[in-house]
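Here is the structure we will look at, set down as structure tokens.
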There are 2 protein chains.
Amino acid sequence: MPLLVMKFGGTSVADLDRIKNAALKVQREVERGYDVIVIVSAMSGKTNELVGWVEATSPLFDAREYDAVVASGENVTAGLMALTLQEMGVPARSWQGWQVPINTTAAHSAARFVDIPRHNIDQKFAEGMKVAVVAGFQGLSPEGRITTLGRGGSDTTAVAFAAAFGAERCDIYTDVDGVYTTDPRITSKARKLDKIAFEEMLELASLGAKVLQTRSVELAMRYKVRLRVLSSFEDTDETSGTLVCDEDEIMESKVVSGVAYSREEAKITLVTVEDRPGISAAIFAPLAEAGVNVDMIVQNISEKDYEDHPGSVTDMTFSCPVSQVARARKAMEEAKAAGHIAYDDLVVDTEVCKVSVVGIGMRSHAGVAARMFKALADENINIKVISTSEIKISVLIDRKYMELAVQALHDAFELEQA
Amino acid sequence: MPLLVMKFGGTSVADLDRIKNAALKVQREVERGYDVIVIVSAMSGKTNELVGWVEATSPLFDAREYDAVVASGENVTAGLMALTLQEMGVPARSWQGWQVPINTTAAHSAARFVDIPRHNIDQKFAEGMKVAVVAGFQGLSPEGRITTLGRGGSDTTAVAFAAAFGAERCDIYTDVDGVYTTDPRITSKARKLDKIAFEEMLELASLGAKVLQTRSVELAMRYKVRLRVLSSFEDTDETSGTLVCDEDEIMESKVVSGVAYSREEAKITLVTVEDRPGISAAIFAPLAEAGVNVDMIVQNISEKDYEDHPGSVTDMTFSCPVSQVARARKAMEEAKAAGHIAYDDLVVDTEVCKVSVVGIGMRSHAGVAARMFKALADENINIKVISTSEIKISVLIDRKYMELAVQALHDAFELEQA
């Protein structure tokens with residue numbers, strides 16, 4: 001029997017009516033001849049309520065207890081979804097993480113999958129069950145305690161089940177109807193993509209397009225799980241949404257597939273840093289320890305020879321989310337006070353954003369960067385930092401130009417045309 | 001290390017402040033040198049929310065899914081309580097039913113305990129844990145699915161753990177400060193009892209005093225678990241509340257310990273029933289099948305020989321909760337239509353209540369019934385049905401006299417005096 005994994009996020013199961021709506025989509029796939037594994041999130045708002053209670057109880061909480069409390073939201077949805085399907089006449093039952101069992105590492109609140117034995121669920125399919133409803137976002141540690149995978153873990157659960165059970169496809173139902181060339185709120189010319197390669201989706205996901213969690217896309221790419229993103233709130237059929245797949249499945253791809261952005265970025269520059277081997281490690285190790293997610297890094301290898309700095313010095317610039325600036329500053333000041341690094345000044349610019357163009361076609365096409373920079377220059381947008389990878393080019397610019405830059409790049413790469 | 005079981009009901013853990021208040025009581029027992037097993041209910045209102053969702057989803061729900069959903073309320077409280085204790089510096093962890101495991105029968109929503117292996121929890125106590133916080137009301141079926149024990153199951157969980165772990169005492173914290181001679185809302189003369197025998201508590205619990213679930217008292221009596229009922233919301237010490245214990249622990253008991261009542265009773269009389277062997281079974285079997293909780297039964301063995309009923313006939317009277325009258329009537333009419341029983345008329349009186357006096361002292365004292373009937377007669381209260389057991393006498397009377405009857409009986413047996 002061909003098997004499908006279907007995942008419904010928090011807004012897709014926010015109340016009993018929406019759970020019923022989701023169940024109707026599951027029923028249709030069963031009628032088409034599929035066995036289905038449904039992965040559910042907590043009803044929207046529930047996880048926040050539980051997290052709020054834990055944090056209010058204990059600011060430095062025991063992550064094992066946090067997980068035990070927070071995972072209960074998904075258990076409720078799983079039971080309600082199984083009941084809804086039964087009510088429609090579809091043989092279904094719920095599975096909590098420990099019942100499958102979904103074996104994970106013991107890294108509570110950030111657990112990783114170890115393995116998902118098929119035996120228990122396969123046996124129920126053999127006995128006539130058509131749908132296994134599995135609570136997402138959770139697992140079982142080697143010590144027999146409940147783990148969670150961190151936010152967005154339900155997408156990852158879905159991909160892991162699709163890989164473990166050899167699913168034909170993993171459908172991620174959410175509150176958008178697919179992956180767009182850019183955010184439709186910024187330009188009405190944004191176009192829904194029929195297909196996108198794993199690598200591109202990965203860049204888009206990590207660059208701030210909130211459709212799919214990075215980790216789930218990584219896992220899908222590794223196990224070649226075909227992912228489909230589609231809407232819970234529209235009538236959908238086999239051609240709906242966007243298929244995230246191996247690039248072999250995409251016949252002709254454009255040079256650039258999409259324009260992504262990240263609004264709340266900050267740029268931090270350490271001015272006049274002593275330039276010596278090991279200086280990068282001395283700067284970025286304390287930032288990592290402080291939990292700062294450093295994104296772009298640029299080192300101006302200047303050989304300027306200041307009067308009071310007779311050796312080789314440099315300026316070191318990096319970006320991170322605005323919310324982490326205070327932490328980053330504290331880490332740098334402590335490292336300086338401890339004598340691990342030396343710099344004259346720490347300059348923070350919290351008024352920047354990141355705009356990126358992404359496309360696997362870039363690999364074989366030159367001139368993408370030039371075309372990007374020209375489009376921005378034509379709008380008099382100053383580029384503050386540039387960073388590139390094989391399939392993307394990112395720039396930091398003043399935040400006030402963000403929408404303008406996205407629109408200009410969308411036009412420059414003619415993304416409104418399929 | 002001596003061990004104590006402490007149970008906190010839904011109102012005692014209704015929010016984070018109350019959970020903290022409960023945790024302070026646990027901490028004090030740890031400081032006194034006890035290892036503690038804490039049994040928690042769901043935060044008040046949560047179970048009703050979950051039950052509401054299940055019932056709205058599926059009127060004839062799969063009890064296995066019902067249990068999986070509903071048990072999650074207790075899991076949340078268990079985690080939050082463990083975190084609260086940790087925050088106070090008390091080594092604690094939470095246990096869900098399947099983690100202990102609390103092995104039960106597979107009778108979902110009404111499961112019974114099979115056994116509670118001590119190994120896992122004992123090992124953690126040996127490693128330095130001082131408090132095991134266990135989610136009440138739930139267990140694990142032989143098939144590895146989550147079961148629940150039915151409403152009030154958390155009290156029963158507490159007693160079962162006290163029995164399994166040989167606890168010195170099982171303290172039930174609730175929203176009242178003990179067991180009273182009668183309901184203090186009905187007479188201000190009601191007095192808190194320091195001690196009460198299991199048998200008496202059992203009669204009081206099943207007669208409508210809502211302090212403890214009948215089933216938990218039965219279990220406590222069987223395993224000689226000393227139960228203490230006390231308030232979550234007051235400062236308490238080792239002498240607070242009411243101790244429910246073996247009668248051997250009660251030096252001098254009064255003839256009557258308390259007056260109980262049940263307001264919403266109905267009296268149903270089958271008029272002119274054919275009196276033959278097997279007629280009782282023919283009447284009460286269909287009532288049991290219809291889920292009617294028949295309480296008192298009185299058969300007037302009248303040898304009246306009506307013109308149209310030449311054989312021996314009788315009137316059969318029984319009582320049940322008012323809410324079950326429609327079901328009872330339907331069961332009787334169907335049994336009559338099917339020819340299993342015959343009667344001339346079915347008379348329902350929904351305006352009655354039950355008042356009872358309870359006391360182990362009755363066993364050795366005569367004249368209790370006479371004293372009770374005289375007290376009611378002095379108030380011109382007519383008795384409609386009488387039923388007695390070894391340690392209680394119950395009467396059905398008009399509902400409008402209920403408060404008057406309770407007050408009169410409380411006075412007649414001098415219960416305001418210790």
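Order determines the names: the first chain of the structure tokens is A, the second B, and so forth; residues in each chain are numbered 1 upward, and ligands are numbered 1 upward as they are shown.
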Could you pull out the residues in range 305-364 of chain A that DSSP calls strand (DSSP E) from the backbone, as a PyMOL selection string?
chain A and resi 313-321+345-358
Pull out every residue of chain B sitting within 7 Å of chain A, counting only C-alpha atoms, and send them as a ChimeraX atom specification.
/B:16,54,57-58,61-62,65,68-69,72,75-76,79-80,83-84,87,94
Give me the residues within 12 Å of range 337-343 of chain B as an mmCIF file with N, CA and C atoms, in the first residue's frame, counting only C-alpha atoms and dropping any in the same chain fewer than 2 places off.
```cif
data_model
loop_
_atom_site.group_PDB
_atom_site.id
_atom_site.type_symbol
_atom_site.label_atom_id
_atom_site.label_comp_id
_atom_site.auth_asym_id
_atom_site.auth_seq_id
_atom_site.Cartn_x
_atom_site.Cartn_y
_atom_site.Cartn_z
ATOM 1 N N THR B 269 -42.263 4.117 42.091
ATOM 2 C CA THR B 269 -43.038 2.981 42.589
ATOM 3 C C THR B 269 -43.743 2.293 41.426
ATOM 4 N N LEU B 270 -43.549 0.992 41.339
ATOM 5 C CA LEU B 270 -44.322 0.192 40.392
ATOM 6 C C LEU B 270 -45.529 -0.338 41.175
ATOM 7 N N VAL B 271 -46.704 0.078 40.744
ATOM 8 C CA VAL B 271 -47.912 -0.245 41.487
ATOM 9 C C VAL B 271 -48.510 -1.550 40.961
ATOM 10 N N THR B 272 -48.856 -2.411 41.905
ATOM 11 C CA THR B 272 -49.515 -3.684 41.594
ATOM 12 C C THR B 272 -48.679 -4.538 40.643
ATOM 13 N N VAL B 273 -47.561 -4.972 41.180
ATOM 14 C CA VAL B 273 -46.674 -5.858 40.427
ATOM 15 C C VAL B 273 -47.017 -7.288 40.810
ATOM 16 N N GLU B 274 -47.000 -8.131 39.814
ATOM 17 C CA GLU B 274 -47.212 -9.544 40.093
ATOM 18 C C GLU B 274 -46.101 -10.032 41.013
ATOM 19 N N ASP B 275 -46.443 -10.662 42.119
ATOM 20 C CA ASP B 275 -45.446 -11.087 43.093
ATOM 21 C C ASP B 275 -45.132 -12.552 42.877
ATOM 22 N N ARG B 276 -43.991 -12.793 42.234
ATOM 23 C CA ARG B 276 -43.604 -14.181 41.954
ATOM 24 C C ARG B 276 -42.076 -14.266 42.069
ATOM 25 N N PRO B 277 -41.537 -15.461 42.250
ATOM 26 C CA PRO B 277 -40.080 -15.591 42.302
ATOM 27 C C PRO B 277 -39.465 -15.055 41.004
ATOM 28 N N GLY B 278 -38.395 -14.290 41.156
ATOM 29 C CA GLY B 278 -37.708 -13.772 39.972
ATOM 30 C C GLY B 278 -38.196 -12.413 39.545
ATOM 31 N N ILE B 279 -39.217 -11.889 40.211
ATOM 32 C CA ILE B 279 -39.741 -10.591 39.771
ATOM 33 C C ILE B 279 -38.723 -9.465 40.023
ATOM 34 N N SER B 280 -37.965 -9.557 41.127
ATOM 35 C CA SER B 280 -36.966 -8.523 41.417
ATOM 36 C C SER B 280 -35.907 -8.477 40.324
ATOM 37 N N ALA B 281 -35.431 -9.644 39.930
ATOM 38 C CA ALA B 281 -34.429 -9.693 38.867
ATOM 39 C C ALA B 281 -35.011 -9.115 37.581
ATOM 40 N N ALA B 282 -36.254 -9.445 37.295
ATOM 41 C CA ALA B 282 -36.892 -8.971 36.059
ATOM 42 C C ALA B 282 -37.012 -7.458 36.047
ATOM 43 N N ILE B 283 -37.131 -6.858 37.236
ATOM 44 C CA ILE B 283 -37.227 -5.395 37.316
ATOM 45 C C ILE B 283 -35.845 -4.751 37.291
ATOM 46 N N PHE B 284 -34.921 -5.276 38.101
ATOM 47 C CA PHE B 284 -33.673 -4.526 38.313
ATOM 48 C C PHE B 284 -32.583 -4.824 37.275
ATOM 49 N N ALA B 285 -32.683 -5.951 36.589
ATOM 50 C CA ALA B 285 -31.700 -6.210 35.532
ATOM 51 C C ALA B 285 -31.802 -5.160 34.420
ATOM 52 N N PRO B 286 -32.994 -4.880 33.890
ATOM 53 C CA PRO B 286 -33.059 -3.835 32.850
ATOM 54 C C PRO B 286 -32.648 -2.453 33.357
ATOM 55 N N ASP B 308 -59.121 -7.486 39.554
ATOM 56 C CA ASP B 308 -58.548 -7.848 38.253
ATOM 57 C C ASP B 308 -57.149 -8.455 38.375
ATOM 58 N N HIS B 309 -56.665 -8.670 39.594
ATOM 59 C CA HIS B 309 -55.377 -9.334 39.802
ATOM 60 C C HIS B 309 -55.580 -10.435 40.802
ATOM 61 N N VAL B 313 -50.033 -10.005 44.591
ATOM 62 C CA VAL B 313 -49.421 -8.822 43.987
ATOM 63 C C VAL B 313 -48.704 -8.006 45.054
ATOM 64 N N THR B 314 -47.880 -7.046 44.603
ATOM 65 C CA THR B 314 -47.089 -6.232 45.531
ATOM 66 C C THR B 314 -46.831 -4.876 44.905
ATOM 67 N N ASP B 315 -46.381 -3.911 45.701
ATOM 68 C CA ASP B 315 -45.872 -2.651 45.161
ATOM 69 C C ASP B 315 -44.350 -2.677 45.346
ATOM 70 N N MET B 316 -43.625 -2.239 44.326
ATOM 71 C CA MET B 316 -42.155 -2.220 44.403
ATOM 72 C C MET B 316 -41.712 -0.771 44.295
ATOM 73 N N LYS B 330 -38.100 4.556 30.959
ATOM 74 C CA LYS B 330 -38.014 3.933 29.642
ATOM 75 C C LYS B 330 -37.701 2.435 29.782
ATOM 76 N N ALA B 331 -36.773 2.107 30.682
ATOM 77 C CA ALA B 331 -36.389 0.704 30.877
ATOM 78 C C ALA B 331 -37.581 -0.115 31.363
ATOM 79 N N MET B 332 -38.358 0.488 32.279
ATOM 80 C CA MET B 332 -39.511 -0.238 32.823
ATOM 81 C C MET B 332 -40.599 -0.422 31.764
ATOM 82 N N GLU B 333 -40.839 0.626 30.977
ATOM 83 C CA GLU B 333 -41.887 0.540 29.968
ATOM 84 C C GLU B 333 -41.525 -0.468 28.884
ATOM 85 N N GLU B 334 -40.239 -0.511 28.550
ATOM 86 C CA GLU B 334 -39.806 -1.492 27.550
ATOM 87 C C GLU B 334 -39.931 -2.914 28.078
ATOM 88 N N ALA B 335 -39.575 -3.094 29.383
ATOM 89 C CA ALA B 335 -39.666 -4.431 29.975
ATOM 90 C C ALA B 335 -41.127 -4.883 30.044
ATOM 91 N N ASP B 345 -49.277 0.627 37.207
ATOM 92 C CA ASP B 345 -48.939 2.044 37.103
ATOM 93 C C ASP B 345 -47.490 2.250 37.559
ATOM 94 N N LEU B 346 -46.881 3.321 37.055
ATOM 95 C CA LEU B 346 -45.532 3.676 37.481
ATOM 96 C C LEU B 346 -45.627 5.096 38.032
ATOM 97 N N VAL B 347 -45.402 5.240 39.343
ATOM 98 C CA VAL B 347 -45.571 6.533 39.998
ATOM 99 C C VAL B 347 -44.191 7.094 40.359
#
```
As a PyMOL selection string, please: the residues near His365 in chain B (cut-off 12 Å, only C-alpha atoms, same-chain neighbours under 4 positions excluded).
chain B and resi 253-256+359-361+369-371+390-391
Requested write-out: C-alpha atoms of the selected residues, as a PDB file, in the first residue's frame:
```
ATOM      1  CA  SER B 253     -16.637   6.709  69.206  1.00  0.00           C
ATOM      2  CA  LYS B 254     -20.058   8.207  69.462  1.00  0.00           C
ATOM      3  CA  VAL B 255     -23.090   6.199  68.466  1.00  0.00           C
ATOM      4  CA  VAL B 256     -23.567   8.452  65.449  1.00  0.00           C
ATOM      5  CA  GLY B 359     -21.818   5.630  63.008  1.00  0.00           C
ATOM      6  CA  ILE B 360     -19.894   2.499  63.882  1.00  0.00           C
ATOM      7  CA  GLY B 361     -21.202   2.904  67.412  1.00  0.00           C
ATOM      8  CA  ALA B 369     -33.525   4.223  64.678  1.00  0.00           C
ATOM      9  CA  ALA B 370     -36.149   5.080  67.266  1.00  0.00           C
ATOM     10  CA  ARG B 371     -34.250   8.231  68.243  1.00  0.00           C
ATOM     11  CA  GLU B 390     -25.058  -2.190  60.015  1.00  0.00           C
ATOM     12  CA  ILE B 391     -23.749   1.337  60.585  1.00  0.00           C
TER      13      ILE B 391
END
```
What lies within 7 Å of Ser356 in chain B using only C-alpha atoms, ignoring chain neighbours under 4 positions off, as a PyMOL selection string?
chain B and resi 259-261+392-395
For the residues selected in the previous step, produce a file with C-alpha atoms as a PDB file, in the first residue's frame.
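To be explicit, this is the file written out as selection.pdb:
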```pdb
ATOM      1  CA  VAL B 259     -25.447  13.134  59.218  1.00  0.00           C
ATOM      2  CA  ALA B 260     -25.287  12.882  55.454  1.00  0.00           C
ATOM      3  CA  TYR B 261     -27.728  13.866  52.761  1.00  0.00           C
ATOM      4  CA  LYS B 392     -26.287   3.634  58.924  1.00  0.00           C
ATOM      5  CA  ILE B 393     -29.951   4.437  58.715  1.00  0.00           C
ATOM      6  CA  SER B 394     -31.280   6.284  55.679  1.00  0.00           C
ATOM      7  CA  VAL B 395     -34.688   7.747  55.039  1.00  0.00           C
TER       8      VAL B 395
END
```
Distance criterion (only C-alpha atoms): nearest to Cys170 in chain A out of A:Val114, A:Val131, A:Leu3, A:Val385
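Distance minimum relative to Cys170 in chain A lands on A:Leu3.
DSSP, applied to the backbone of this structure, assigns alpha helix (DSSP H) to the following residues of range 81-159 of chain A: Met81, Ala82, Leu83, Thr84, Leu85, Gln86, Glu87, His119, Asn120, Ile121, Asp122, Gln123, Lys124, Phe125, Ala126, Gly153, Ser154, Asp155, Thr156, Thr157, Ala158 and Val159 of chain A.
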Take the residues from that selection and put them in a file with N, CA and C atoms, as an mmCIF file, in the first residue's frame.
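Written output follows (selection-v6.cif):
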```cif
data_model
loop_
_atom_site.group_PDB
_atom_site.id
_atom_site.type_symbol
_atom_site.label_atom_id
_atom_site.label_comp_id
_atom_site.auth_asym_id
_atom_site.auth_seq_id
_atom_site.Cartn_x
_atom_site.Cartn_y
_atom_site.Cartn_z
ATOM 1 N N MET A 81 -7.634 14.291 16.724
ATOM 2 C CA MET A 81 -7.614 13.989 15.291
ATOM 3 C C MET A 81 -8.018 12.537 15.036
ATOM 4 N N ALA A 82 -7.517 11.614 15.860
ATOM 5 C CA ALA A 82 -7.887 10.202 15.693
ATOM 6 C C ALA A 82 -9.389 10.026 15.879
ATOM 7 N N LEU A 83 -9.942 10.704 16.882
ATOM 8 C CA LEU A 83 -11.385 10.614 17.127
ATOM 9 C C LEU A 83 -12.174 11.173 15.944
ATOM 10 N N THR A 84 -11.700 12.295 15.397
ATOM 11 C CA THR A 84 -12.395 12.926 14.282
ATOM 12 C C THR A 84 -12.415 11.989 13.076
ATOM 13 N N LEU A 85 -11.280 11.345 12.818
ATOM 14 C CA LEU A 85 -11.213 10.410 11.694
ATOM 15 C C LEU A 85 -12.123 9.206 11.933
ATOM 16 N N GLN A 86 -12.098 8.677 13.152
ATOM 17 C CA GLN A 86 -12.980 7.548 13.472
ATOM 18 C C GLN A 86 -14.436 7.920 13.227
ATOM 19 N N GLU A 87 -14.763 9.157 13.625
ATOM 20 C CA GLU A 87 -16.137 9.632 13.470
ATOM 21 C C GLU A 87 -16.541 9.652 11.992
ATOM 22 N N HIS A 119 7.960 -1.201 13.509
ATOM 23 C CA HIS A 119 7.196 -2.392 13.867
ATOM 24 C C HIS A 119 5.767 -2.112 14.386
ATOM 25 N N ASN A 120 5.660 -1.294 15.412
ATOM 26 C CA ASN A 120 4.344 -1.111 16.055
ATOM 27 C C ASN A 120 3.310 -0.536 15.103
ATOM 28 N N ILE A 121 3.705 0.494 14.368
ATOM 29 C CA ILE A 121 2.751 1.130 13.454
ATOM 30 C C ILE A 121 2.456 0.221 12.267
ATOM 31 N N ASP A 122 3.487 -0.426 11.729
ATOM 32 C CA ASP A 122 3.266 -1.349 10.607
ATOM 33 C C ASP A 122 2.276 -2.448 10.980
ATOM 34 N N GLN A 123 2.415 -2.938 12.214
ATOM 35 C CA GLN A 123 1.518 -4.013 12.643
ATOM 36 C C GLN A 123 0.060 -3.551 12.636
ATOM 37 N N LYS A 124 -0.164 -2.303 13.078
ATOM 38 C CA LYS A 124 -1.545 -1.802 13.086
ATOM 39 C C LYS A 124 -2.050 -1.558 11.664
ATOM 40 N N PHE A 125 -1.166 -1.103 10.787
ATOM 41 C CA PHE A 125 -1.587 -0.979 9.385
ATOM 42 C C PHE A 125 -1.996 -2.358 8.858
ATOM 43 N N ALA A 126 -1.209 -3.377 9.214
ATOM 44 C CA ALA A 126 -1.514 -4.737 8.741
ATOM 45 C C ALA A 126 -2.860 -5.215 9.274
ATOM 46 N N GLY A 153 9.687 21.524 15.415
ATOM 47 C CA GLY A 153 10.025 20.106 15.416
ATOM 48 C C GLY A 153 8.991 19.226 14.749
ATOM 49 N N SER A 154 7.756 19.724 14.598
ATOM 50 C CA SER A 154 6.742 18.890 13.970
ATOM 51 C C SER A 154 7.016 18.688 12.481
ATOM 52 N N ASP A 155 7.538 19.713 11.802
ATOM 53 C CA ASP A 155 7.951 19.542 10.405
ATOM 54 C C ASP A 155 9.019 18.454 10.315
ATOM 55 N N THR A 156 9.958 18.514 11.238
ATOM 56 C CA THR A 156 11.059 17.556 11.221
ATOM 57 C C THR A 156 10.547 16.145 11.508
ATOM 58 N N THR A 157 9.606 16.042 12.456
ATOM 59 C CA THR A 157 8.996 14.742 12.732
ATOM 60 C C THR A 157 8.380 14.169 11.466
ATOM 61 N N ALA A 158 7.678 15.019 10.737
ATOM 62 C CA ALA A 158 7.004 14.563 9.516
ATOM 63 C C ALA A 158 8.016 14.015 8.515
ATOM 64 N N VAL A 159 9.100 14.730 8.312
ATOM 65 C CA VAL A 159 10.113 14.289 7.348
ATOM 66 C C VAL A 159 10.767 12.998 7.831
#
```
Which of A:Asp194, A:Glu127, A:Asp183, A:Asp115 sits closest to Pro142 in chain A [using only C-alpha atoms]
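Distance minimum relative to Pro142 in chain A lands on A:Asp115.
Between CA of Val211 in chain B and CA of Val179 in chain B the interatomic distance comes to 7.0 Å.
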Report the distance between CA of Gly166 in chain B and CA of Leu227 in chain B in Å, rounded to one decimal place.
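Rounded to one decimal, the two atoms are 12.7 Å apart.
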Do you know which residues are at most 9 Å from Ala197 in chain B counting only C-alpha atoms, after dropping those on the same chain fewer than 6 positions away, and could you put them as a count of residues only?
10
Would you mind reading off the distance between CA of Thr317 in chain A and CA of Val298 in chain A, one decimal, in Å?
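About the pair CA of Thr317 in chain A and CA of Val298 in chain A: they are 5.2 Å apart.
Closest approach to Ser232 in chain A from the set A:Arg327, A:Lys354, A:Arg169, A:Lys25 is made by A:Lys25, with distances taken over only C-alpha atoms.
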Distance query Gly178 in chain B at most 7 Å, only C-alpha atoms, self and fewer than 2 positions along chain excluded, as a PDB file with N, CA and C atoms, in the first residue's frame:
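Saved result, out_14.pdb, follows:
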```
ATOM      1  N   VAL B 176     -11.576  21.734  51.434  1.00  0.00           N
ATOM      2  CA  VAL B 176     -12.205  21.793  52.757  1.00  0.00           C
ATOM      3  C   VAL B 176     -11.166  21.367  53.783  1.00  0.00           C
ATOM      4  N   TYR B 180     -16.697  16.753  58.297  1.00  0.00           N
ATOM      5  CA  TYR B 180     -17.565  17.332  59.320  1.00  0.00           C
ATOM      6  C   TYR B 180     -18.691  16.372  59.707  1.00  0.00           C
ATOM      7  N   LYS B 192     -15.932  19.718  62.949  1.00  0.00           N
ATOM      8  CA  LYS B 192     -14.925  18.923  62.251  1.00  0.00           C
ATOM      9  C   LYS B 192     -14.533  17.741  63.118  1.00  0.00           C
ATOM     10  N   VAL B 229      -7.536  13.989  55.496  1.00  0.00           N
ATOM     11  CA  VAL B 229      -8.145  15.001  54.634  1.00  0.00           C
ATOM     12  C   VAL B 229      -7.869  16.354  55.259  1.00  0.00           C
ATOM     13  N   LEU B 230      -7.251  17.269  54.509  1.00  0.00           N
ATOM     14  CA  LEU B 230      -6.974  18.590  55.082  1.00  0.00           C
ATOM     15  C   LEU B 230      -6.932  19.660  54.002  1.00  0.00           C
ATOM     16  N   GLY B 241      -6.849  18.755  59.985  1.00  0.00           N
ATOM     17  CA  GLY B 241      -7.708  17.919  59.168  1.00  0.00           C
ATOM     18  C   GLY B 241      -8.355  16.785  59.926  1.00  0.00           C
ATOM     19  N   THR B 242      -8.797  15.804  59.156  1.00  0.00           N
ATOM     20  CA  THR B 242      -9.460  14.636  59.722  1.00  0.00           C
ATOM     21  C   THR B 242      -8.704  13.388  59.295  1.00  0.00           C
TER      22      THR B 242
END
```
